[in-house]
Amino acid sequence: MAIKGGFQSKILEVDLTNGTTRSIPLPPDDVMRAYGGATGLGLYLLSRELTPTMRPTDPECPFYVLNGPLTGVMVPNASHWVIVNLREYPDYHVGLSHAHGHFGARLKHAGWDGVVVRGISPKPVYLWIENETVELRDATPYWGVDTFETPRRIKLELGDPLQISVACIGPGGENLITGAAVRSDGIYTLARGEAGIAWGGKQLKAIAVRGTGRAPVADPAGLMDIYERWNR
(Lines give C-alpha, C1' and ligand atoms only; values in the text may rest on other atoms or scores of the structure.)
Protein backbone atom coordinates (compact mmCIF):
# COMPACT_ATOMS: atom_id res chain seq x y z
CA MET A 1 0.00 0.00 0.00
CA ALA A 2 1.33 3.41 -0.96
CA ILE A 3 2.38 5.73 1.86
CA LYS A 4 -0.08 8.58 2.34
CA GLY A 5 1.16 11.75 3.98
CA GLY A 6 4.37 12.47 5.81
CA PHE A 7 6.61 12.94 2.80
CA GLN A 8 6.92 15.34 -0.13
CA SER A 9 8.32 12.41 -2.18
CA LYS A 10 11.48 14.15 -3.34
CA ILE A 11 15.00 15.07 -2.28
CA LEU A 12 17.08 17.97 -3.58
CA GLU A 13 20.37 16.74 -5.04
CA VAL A 14 23.19 19.32 -5.21
CA ASP A 15 26.43 18.82 -7.15
CA LEU A 16 28.85 21.49 -5.95
CA THR A 17 31.56 20.55 -8.45
CA ASN A 18 29.32 21.33 -11.40
CA GLY A 19 27.13 23.88 -9.64
CA THR A 20 23.94 22.00 -10.52
CA THR A 21 20.79 20.98 -8.66
CA ARG A 22 17.96 18.60 -9.42
CA SER A 23 15.02 16.82 -7.83
CA ILE A 24 15.32 13.07 -7.22
CA PRO A 25 12.58 10.76 -5.91
CA LEU A 26 12.53 9.07 -2.54
CA PRO A 27 13.23 5.32 -2.52
CA PRO A 28 10.28 2.94 -3.05
CA ASP A 29 7.58 2.63 -0.39
CA ASP A 30 8.91 -0.67 0.96
CA VAL A 31 12.26 0.98 1.72
CA MET A 32 10.57 3.97 3.34
CA ARG A 33 8.45 1.70 5.54
CA ALA A 34 11.51 -0.30 6.55
CA TYR A 35 13.73 2.69 7.38
CA GLY A 36 11.16 5.28 8.46
CA GLY A 37 12.78 8.48 7.23
CA ALA A 38 15.34 10.89 8.73
CA THR A 39 18.22 8.93 10.36
CA GLY A 40 17.14 5.51 9.10
CA LEU A 41 16.70 6.73 5.55
CA GLY A 42 20.04 8.54 5.67
CA LEU A 43 21.83 5.38 6.80
CA TYR A 44 20.21 3.42 3.99
CA LEU A 45 21.09 5.98 1.31
CA LEU A 46 24.66 6.55 2.50
CA SER A 47 25.34 2.81 2.78
CA ARG A 48 24.58 2.41 -0.91
CA GLU A 49 27.36 4.84 -1.86
CA LEU A 50 30.22 4.15 0.55
CA THR A 51 33.41 2.49 -0.67
CA PRO A 52 36.18 0.99 1.52
CA THR A 53 38.61 3.83 0.83
CA MET A 54 36.16 6.76 0.91
CA ARG A 55 36.94 9.81 3.07
CA PRO A 56 34.41 12.45 4.14
CA THR A 57 36.25 15.16 2.19
CA ASP A 58 36.28 13.19 -1.08
CA PRO A 59 34.23 14.80 -3.88
CA GLU A 60 32.25 11.59 -4.37
CA CYS A 61 31.35 11.29 -0.68
CA PRO A 62 27.83 12.68 -0.09
CA PHE A 63 26.13 13.89 3.02
CA TYR A 64 22.39 13.97 3.67
CA VAL A 65 20.14 16.49 5.39
CA LEU A 66 16.81 14.77 6.03
CA ASN A 67 13.40 15.27 7.61
CA GLY A 68 11.23 12.69 9.32
CA PRO A 69 7.58 12.05 8.38
CA LEU A 70 6.27 14.22 11.24
CA THR A 71 8.64 17.14 10.64
CA GLY A 72 6.66 20.31 9.99
CA VAL A 73 3.27 19.16 11.32
CA MET A 74 1.51 20.47 14.42
CA VAL A 75 2.36 17.80 16.97
CA PRO A 76 4.77 18.10 19.91
CA ASN A 77 8.49 17.74 19.11
CA ALA A 78 7.80 17.48 15.36
CA SER A 79 10.62 19.73 14.17
CA HIS A 80 13.25 16.97 14.06
CA TRP A 81 15.85 16.96 11.25
CA VAL A 82 19.15 15.14 10.85
CA ILE A 83 22.50 15.18 9.08
CA VAL A 84 24.01 11.84 8.07
CA ASN A 85 27.62 11.85 6.87
CA LEU A 86 30.84 9.87 6.88
CA ARG A 87 33.09 10.82 9.81
CA GLU A 88 36.78 11.65 9.72
CA TYR A 89 37.34 10.36 13.27
CA PRO A 90 36.86 7.57 14.19
CA ASP A 91 37.96 6.40 10.79
CA TYR A 92 35.16 5.18 8.52
CA HIS A 93 32.34 5.65 11.01
CA VAL A 94 29.02 7.26 10.11
CA GLY A 95 28.18 10.57 11.75
CA LEU A 96 24.60 11.00 12.96
CA SER A 97 23.50 14.36 14.36
CA HIS A 98 20.10 15.93 14.83
CA ALA A 99 18.45 19.16 15.92
CA HIS A 100 15.09 20.87 16.20
CA GLY A 101 13.97 24.43 15.51
CA HIS A 102 12.48 25.88 12.33
CA PHE A 103 14.98 24.62 9.75
CA GLY A 104 13.58 21.13 9.14
CA ALA A 105 9.99 22.32 9.09
CA ARG A 106 10.78 25.05 6.60
CA LEU A 107 12.59 22.57 4.38
CA LYS A 108 9.50 20.32 4.43
CA HIS A 109 7.24 23.33 3.80
CA ALA A 110 9.43 24.24 0.82
CA GLY A 111 8.53 20.86 -0.68
CA TRP A 112 11.62 18.81 0.14
CA ASP A 113 12.15 15.75 2.32
CA GLY A 114 15.87 16.43 2.36
CA VAL A 115 19.03 17.50 0.58
CA VAL A 116 21.96 15.38 -0.62
CA VAL A 117 25.18 17.28 -1.34
CA ARG A 118 28.00 15.95 -3.54
CA GLY A 119 31.20 17.29 -5.06
CA ILE A 120 33.39 20.17 -3.95
CA SER A 121 32.77 23.81 -4.81
CA PRO A 122 35.74 25.78 -6.24
CA LYS A 123 34.86 28.63 -3.85
CA PRO A 124 32.74 29.06 -0.70
CA VAL A 125 29.02 28.91 -1.46
CA TYR A 126 25.72 28.68 0.32
CA LEU A 127 22.53 27.02 -0.88
CA TRP A 128 19.34 29.10 -1.05
CA ILE A 129 16.06 27.18 -1.21
CA GLU A 130 12.74 28.96 -1.67
CA ASN A 131 10.14 26.32 -2.48
CA GLU A 132 11.01 25.02 -5.97
CA THR A 133 13.54 27.80 -6.59
CA VAL A 134 17.07 26.67 -5.73
CA GLU A 135 20.25 28.71 -6.11
CA LEU A 136 23.93 28.41 -5.16
CA ARG A 137 25.22 31.79 -3.97
CA ASP A 138 28.66 33.18 -3.22
CA ALA A 139 29.55 32.72 0.46
CA THR A 140 33.00 34.32 0.31
CA PRO A 141 31.84 37.28 2.45
CA TYR A 142 30.75 34.84 5.19
CA TRP A 143 33.82 32.58 5.18
CA GLY A 144 35.51 32.89 8.55
CA VAL A 145 32.34 34.19 10.24
CA ASP A 146 30.95 32.27 13.22
CA THR A 147 27.67 30.33 13.43
CA PHE A 148 25.85 33.15 15.24
CA GLU A 149 26.69 36.02 12.92
CA THR A 150 26.43 34.03 9.66
CA PRO A 151 22.65 33.35 9.90
CA ARG A 152 22.00 36.98 10.84
CA ARG A 153 23.88 38.30 7.81
CA ILE A 154 22.45 35.79 5.33
CA LYS A 155 18.89 36.49 6.49
CA LEU A 156 19.47 40.20 6.03
CA GLU A 157 20.90 39.59 2.54
CA LEU A 158 17.85 37.54 1.58
CA GLY A 159 15.52 40.13 3.06
CA ASP A 160 13.22 38.08 5.31
CA PRO A 161 14.83 37.44 8.71
CA LEU A 162 11.64 36.14 10.35
CA GLN A 163 10.68 33.49 7.79
CA ILE A 164 14.10 32.13 6.73
CA SER A 165 16.15 29.50 8.54
CA VAL A 166 19.89 29.14 8.05
CA ALA A 167 22.04 26.14 8.95
CA CYS A 168 25.76 26.83 8.70
CA ILE A 169 29.31 26.02 9.74
CA GLY A 170 31.83 28.30 11.42
CA PRO A 171 35.64 28.46 11.28
CA GLY A 172 35.89 24.99 12.85
CA GLY A 173 34.11 23.36 9.91
CA GLU A 174 35.91 25.53 7.37
CA ASN A 175 39.27 24.35 8.73
CA LEU A 176 38.16 20.71 9.13
CA ILE A 177 38.67 20.73 12.89
CA THR A 178 37.82 17.45 14.63
CA GLY A 179 34.34 17.64 16.14
CA ALA A 180 33.20 20.60 14.02
CA ALA A 181 29.44 21.06 14.15
CA VAL A 182 26.62 22.58 12.12
CA ARG A 183 24.31 25.11 13.82
CA SER A 184 20.96 26.43 12.63
CA ASP A 185 19.66 29.92 13.34
CA GLY A 186 22.40 30.51 15.90
CA ILE A 187 20.68 28.20 18.42
CA TYR A 188 20.27 24.54 17.41
CA THR A 189 23.49 22.55 17.16
CA LEU A 190 24.16 19.28 15.31
CA ALA A 191 27.28 18.44 17.26
CA ARG A 192 27.73 14.68 17.45
CA GLY A 193 28.74 13.52 13.98
CA GLU A 194 31.39 15.96 12.67
CA ALA A 195 28.93 17.31 10.13
CA GLY A 196 30.97 20.51 10.07
CA ILE A 197 33.86 18.66 8.41
CA ALA A 198 31.52 17.21 5.78
CA TRP A 199 30.28 20.71 4.92
CA GLY A 200 33.65 22.44 5.16
CA GLY A 201 35.35 19.89 2.94
CA LYS A 202 32.88 20.80 0.20
CA GLN A 203 33.22 24.57 0.82
CA LEU A 204 29.52 24.72 1.67
CA LYS A 205 29.08 27.48 4.23
CA ALA A 206 25.33 27.32 4.75
CA ILE A 207 21.88 26.22 3.62
CA ALA A 208 19.15 28.85 3.82
CA VAL A 209 15.50 27.92 3.34
CA ARG A 210 12.07 29.53 3.21
CA GLY A 211 8.96 27.46 2.51
CA THR A 212 5.38 28.59 2.00
CA GLY A 213 3.71 25.20 1.60
CA ARG A 214 2.59 22.59 4.11
CA ALA A 215 3.63 19.15 5.24
CA PRO A 216 1.35 16.53 3.67
CA VAL A 217 -0.99 14.85 6.17
CA ALA A 218 -3.14 11.86 5.21
CA ASP A 219 -5.69 12.30 8.01
CA PRO A 220 -5.65 15.88 9.36
CA ALA A 221 -8.60 15.36 11.72
CA GLY A 222 -7.07 12.20 13.16
CA LEU A 223 -3.72 13.90 13.62
CA MET A 224 -5.35 16.82 15.43
CA ASP A 225 -7.17 14.40 17.73
CA ILE A 226 -3.86 12.77 18.65
CA TYR A 227 -2.32 16.22 19.11
CA GLU A 228 -5.06 17.29 21.54
CA ARG A 229 -4.88 14.02 23.49
CA TRP A 230 -1.08 14.32 23.72
CA ASN A 231 -1.37 17.85 25.08
CA ARG A 232 -3.90 16.78 27.72
# chains A, B, ... in the order shown; residues from 1 in each chain; ligands from 1

$ select_by_dssp --residues "segment 54-145 of chain A" --states "helix (DSSP H, G or I)" --output "list of chain:residue names"
A:Phe103, A:Gly104, A:Ala105, A:Arg106, A:Leu107, A:Lys108, A:His109, A:Thr140, A:Pro141, A:Tyr142

$ residues_around --residues "segment 69-83 of chain A" --least-positions-apart "6" --cutoff "6 Å" --atoms "only C-alpha atoms" --output "NGL selection string"
:A and (6-7 or 97-101 or 104-105 or 215 or 227)

$ select_by_dssp --residues "segment 34-162 of chain A" --states "strand (DSSP E)" --output "short mmCIF file (atom, residue, chain, number, x, y, z; two decimals) with N, CA and C atoms, in the first residue's frame"
data_model
loop_
_atom_site.label_atom_id
_atom_site.label_comp_id
_atom_site.auth_asym_id
_atom_site.auth_seq_id
_atom_site.Cartn_x
_atom_site.Cartn_y
_atom_site.Cartn_z
N PHE A 63 26.78 13.85 1.71
CA PHE A 63 26.13 13.89 3.02
C PHE A 63 24.65 14.21 2.80
N TYR A 64 23.84 13.83 3.78
CA TYR A 64 22.39 13.97 3.67
C TYR A 64 21.85 14.83 4.79
N VAL A 65 20.95 15.74 4.44
CA VAL A 65 20.14 16.49 5.39
C VAL A 65 18.71 16.03 5.19
N LEU A 66 18.09 15.45 6.23
CA LEU A 66 16.81 14.77 6.03
C LEU A 66 15.80 15.11 7.12
N ASN A 67 14.54 15.12 6.71
CA ASN A 67 13.40 15.27 7.61
C ASN A 67 12.78 13.92 7.93
N TRP A 81 15.14 17.15 12.52
CA TRP A 81 15.85 16.96 11.25
C TRP A 81 17.26 16.49 11.56
N VAL A 82 17.88 15.80 10.60
CA VAL A 82 19.15 15.14 10.85
C VAL A 82 20.15 15.42 9.73
N ILE A 83 21.43 15.24 10.07
CA ILE A 83 22.50 15.18 9.08
C ILE A 83 23.18 13.83 9.22
N VAL A 84 23.34 13.14 8.10
CA VAL A 84 24.01 11.84 8.07
C VAL A 84 25.20 11.96 7.14
N ASN A 85 26.39 11.67 7.65
CA ASN A 85 27.62 11.85 6.87
C ASN A 85 28.68 10.85 7.31
N LEU A 86 29.68 10.68 6.50
CA LEU A 86 30.84 9.87 6.88
C LEU A 86 31.74 10.71 7.78
N VAL A 94 30.06 6.35 10.59
CA VAL A 94 29.02 7.26 10.11
C VAL A 94 28.68 8.26 11.20
N GLY A 95 28.57 9.52 10.82
CA GLY A 95 28.18 10.57 11.75
C GLY A 95 26.67 10.78 11.69
N LEU A 96 26.04 10.77 12.85
CA LEU A 96 24.60 11.00 12.96
C LEU A 96 24.38 12.16 13.93
N SER A 97 23.78 13.23 13.49
CA SER A 97 23.50 14.36 14.36
C SER A 97 22.11 14.90 14.04
N HIS A 98 21.46 15.43 15.06
CA HIS A 98 20.10 15.93 14.83
C HIS A 98 19.86 17.20 15.64
N ALA A 99 18.83 17.93 15.24
CA ALA A 99 18.45 19.16 15.92
C ALA A 99 16.98 19.41 15.70
N GLY A 114 14.47 16.36 1.98
CA GLY A 114 15.87 16.43 2.36
C GLY A 114 16.73 16.97 1.25
N VAL A 115 18.02 17.01 1.53
CA VAL A 115 19.03 17.50 0.58
C VAL A 115 20.20 16.53 0.62
N VAL A 116 20.71 16.13 -0.54
CA VAL A 116 21.96 15.38 -0.62
C VAL A 116 22.96 16.26 -1.35
N VAL A 117 24.15 16.40 -0.78
CA VAL A 117 25.18 17.28 -1.34
C VAL A 117 26.38 16.44 -1.75
N ARG A 118 26.85 16.67 -2.98
CA ARG A 118 28.00 15.95 -3.54
C ARG A 118 29.00 16.96 -4.09
N VAL A 125 30.37 28.64 -0.99
CA VAL A 125 29.02 28.91 -1.46
C VAL A 125 28.03 28.61 -0.34
N TYR A 126 26.83 29.16 -0.50
CA TYR A 126 25.72 28.68 0.32
C TYR A 126 24.54 28.37 -0.59
N LEU A 127 23.68 27.48 -0.11
CA LEU A 127 22.53 27.02 -0.88
C LEU A 127 21.29 27.77 -0.41
N TRP A 128 20.58 28.38 -1.34
CA TRP A 128 19.34 29.10 -1.05
C TRP A 128 18.17 28.34 -1.66
N ILE A 129 17.23 27.95 -0.80
CA ILE A 129 16.06 27.18 -1.21
C ILE A 129 14.81 27.99 -0.88
N GLU A 130 14.04 28.31 -1.87
CA GLU A 130 12.74 28.96 -1.67
C GLU A 130 11.71 28.18 -2.48
N THR A 133 12.41 27.01 -6.11
CA THR A 133 13.54 27.80 -6.59
C THR A 133 14.77 27.50 -5.76
N VAL A 134 15.84 27.07 -6.42
CA VAL A 134 17.07 26.67 -5.73
C VAL A 134 18.24 27.38 -6.40
N GLU A 135 19.15 27.93 -5.57
CA GLU A 135 20.25 28.71 -6.11
C GLU A 135 21.49 28.53 -5.23
N LEU A 136 22.65 28.38 -5.86
CA LEU A 136 23.93 28.41 -5.16
C LEU A 136 24.46 29.84 -5.23
N ARG A 137 24.79 30.40 -4.05
CA ARG A 137 25.22 31.79 -3.97
C ARG A 137 26.62 31.88 -3.38
N ASP A 138 27.31 32.94 -3.72
CA ASP A 138 28.66 33.18 -3.22
C ASP A 138 28.64 33.38 -1.70
#

$ residues_around --residues "segment 166-175 of chain A" --least-positions-apart "2" --cutoff "7 Å" --atoms "only C-alpha atoms" --output "list in words"
Phe103, Gly144, Val145, Asp146, Thr147, Pro151, Ile164, Ile177, Ala180, Ala181, Val182, Arg183, Ser184, Asp185, Gly196, Ile197, Trp199, Gly200, Lys205, Ala206, Ile207, Ala208 and Val209 of chain A

$ write_last_selection --atoms "N, CA and C atoms" --output "PDB file, in the first residue's frame"
ATOM      1  N   PHE A 103      14.332  24.951  11.013  1.00  0.00           N
ATOM      2  CA  PHE A 103      14.979  24.624   9.746  1.00  0.00           C
ATOM      3  C   PHE A 103      14.312  23.434   9.052  1.00  0.00           C
ATOM      4  N   GLY A 144      34.806  32.413   7.368  1.00  0.00           N
ATOM      5  CA  GLY A 144      35.507  32.890   8.548  1.00  0.00           C
ATOM      6  C   GLY A 144      34.591  33.481   9.610  1.00  0.00           C
ATOM      7  N   VAL A 145      33.313  33.635   9.297  1.00  0.00           N
ATOM      8  CA  VAL A 145      32.338  34.193  10.239  1.00  0.00           C
ATOM      9  C   VAL A 145      31.740  33.056  11.066  1.00  0.00           C
ATOM     10  N   ASP A 146      31.431  33.329  12.331  1.00  0.00           N
ATOM     11  CA  ASP A 146      30.954  32.271  13.217  1.00  0.00           C
ATOM     12  C   ASP A 146      29.493  31.897  12.943  1.00  0.00           C
ATOM     13  N   THR A 147      29.001  30.891  13.694  1.00  0.00           N
ATOM     14  CA  THR A 147      27.671  30.335  13.425  1.00  0.00           C
ATOM     15  C   THR A 147      26.547  31.131  14.072  1.00  0.00           C
ATOM     16  N   PRO A 151      24.092  33.328  10.198  1.00  0.00           N
ATOM     17  CA  PRO A 151      22.654  33.347   9.901  1.00  0.00           C
ATOM     18  C   PRO A 151      22.072  34.757   9.882  1.00  0.00           C
ATOM     19  N   ILE A 164      13.007  32.916   7.323  1.00  0.00           N
ATOM     20  CA  ILE A 164      14.097  32.134   6.728  1.00  0.00           C
ATOM     21  C   ILE A 164      14.878  31.456   7.846  1.00  0.00           C
ATOM     22  N   ILE A 177      38.260  21.022  11.530  1.00  0.00           N
ATOM     23  CA  ILE A 177      38.669  20.728  12.890  1.00  0.00           C
ATOM     24  C   ILE A 177      37.852  19.554  13.430  1.00  0.00           C
ATOM     25  N   ALA A 180      33.905  19.417  14.515  1.00  0.00           N
ATOM     26  CA  ALA A 180      33.195  20.600  14.023  1.00  0.00           C
ATOM     27  C   ALA A 180      31.718  20.294  13.793  1.00  0.00           C
ATOM     28  N   ALA A 181      30.884  21.250  14.187  1.00  0.00           N
ATOM     29  CA  ALA A 181      29.440  21.055  14.154  1.00  0.00           C
ATOM     30  C   ALA A 181      28.788  21.937  13.092  1.00  0.00           C
ATOM     31  N   VAL A 182      27.491  21.712  12.909  1.00  0.00           N
ATOM     32  CA  VAL A 182      26.622  22.584  12.123  1.00  0.00           C
ATOM     33  C   VAL A 182      25.608  23.170  13.098  1.00  0.00           C
ATOM     34  N   ARG A 183      25.301  24.470  12.941  1.00  0.00           N
ATOM     35  CA  ARG A 183      24.313  25.108  13.815  1.00  0.00           C
ATOM     36  C   ARG A 183      23.285  25.816  12.953  1.00  0.00           C
ATOM     37  N   SER A 184      22.015  25.732  13.368  1.00  0.00           N
ATOM     38  CA  SER A 184      20.960  26.429  12.634  1.00  0.00           C
ATOM     39  C   SER A 184      20.426  27.591  13.444  1.00  0.00           C
ATOM     40  N   ASP A 185      20.267  28.713  12.770  1.00  0.00           N
ATOM     41  CA  ASP A 185      19.665  29.921  13.338  1.00  0.00           C
ATOM     42  C   ASP A 185      20.345  30.389  14.616  1.00  0.00           C
ATOM     43  N   GLY A 196      30.250  19.316  10.505  1.00  0.00           N
ATOM     44  CA  GLY A 196      30.971  20.506  10.070  1.00  0.00           C
ATOM     45  C   GLY A 196      32.101  20.203   9.116  1.00  0.00           C
ATOM     46  N   ILE A 197      32.783  19.064   9.328  1.00  0.00           N
ATOM     47  CA  ILE A 197      33.856  18.664   8.410  1.00  0.00           C
ATOM     48  C   ILE A 197      33.280  18.304   7.048  1.00  0.00           C
ATOM     49  N   TRP A 199      30.644  19.482   5.628  1.00  0.00           N
ATOM     50  CA  TRP A 199      30.284  20.711   4.923  1.00  0.00           C
ATOM     51  C   TRP A 199      31.523  21.501   4.517  1.00  0.00           C
ATOM     52  N   GLY A 200      32.458  21.654   5.451  1.00  0.00           N
ATOM     53  CA  GLY A 200      33.649  22.444   5.161  1.00  0.00           C
ATOM     54  C   GLY A 200      34.495  21.863   4.050  1.00  0.00           C
ATOM     55  N   LYS A 205      29.164  26.696   2.996  1.00  0.00           N
ATOM     56  CA  LYS A 205      29.077  27.483   4.233  1.00  0.00           C
ATOM     57  C   LYS A 205      27.735  27.317   4.919  1.00  0.00           C
ATOM     58  N   ALA A 206      26.655  27.287   4.128  1.00  0.00           N
ATOM     59  CA  ALA A 206      25.331  27.320   4.752  1.00  0.00           C
ATOM     60  C   ALA A 206      24.261  26.817   3.795  1.00  0.00           C
ATOM     61  N   ILE A 207      23.117  26.466   4.364  1.00  0.00           N
ATOM     62  CA  ILE A 207      21.884  26.223   3.622  1.00  0.00           C
ATOM     63  C   ILE A 207      20.829  27.126   4.225  1.00  0.00           C
ATOM     64  N   ALA A 208      20.223  27.965   3.399  1.00  0.00           N
ATOM     65  CA  ALA A 208      19.148  28.855   3.821  1.00  0.00           C
ATOM     66  C   ALA A 208      17.852  28.418   3.153  1.00  0.00           C
ATOM     67  N   VAL A 209      16.748  28.438   3.901  1.00  0.00           N
ATOM     68  CA  VAL A 209      15.497  27.925   3.344  1.00  0.00           C
ATOM     69  C   VAL A 209      14.306  28.735   3.825  1.00  0.00           C
TER      70      VAL A 209
END

$ residues_around --residues "Lys10 of chain A" --least-positions-apart "6" --cutoff "7 Å" --atoms "only C-alpha atoms" --output "list in words"
Ser23, Ile24, Pro25, Leu26, Trp112 and Asp113 of chain A

$ closest_residue --among "A:Gly42, A:Gly19, A:Gly68, A:Gly37" --to "Pro124 of chain A" --atoms "only C-alpha atoms"
A:Gly19

$ atom_distance --atom1 "atom CA of Pro161 of chain A" --atom2 "atom CA of Glu149 of chain A"
12.7 Å
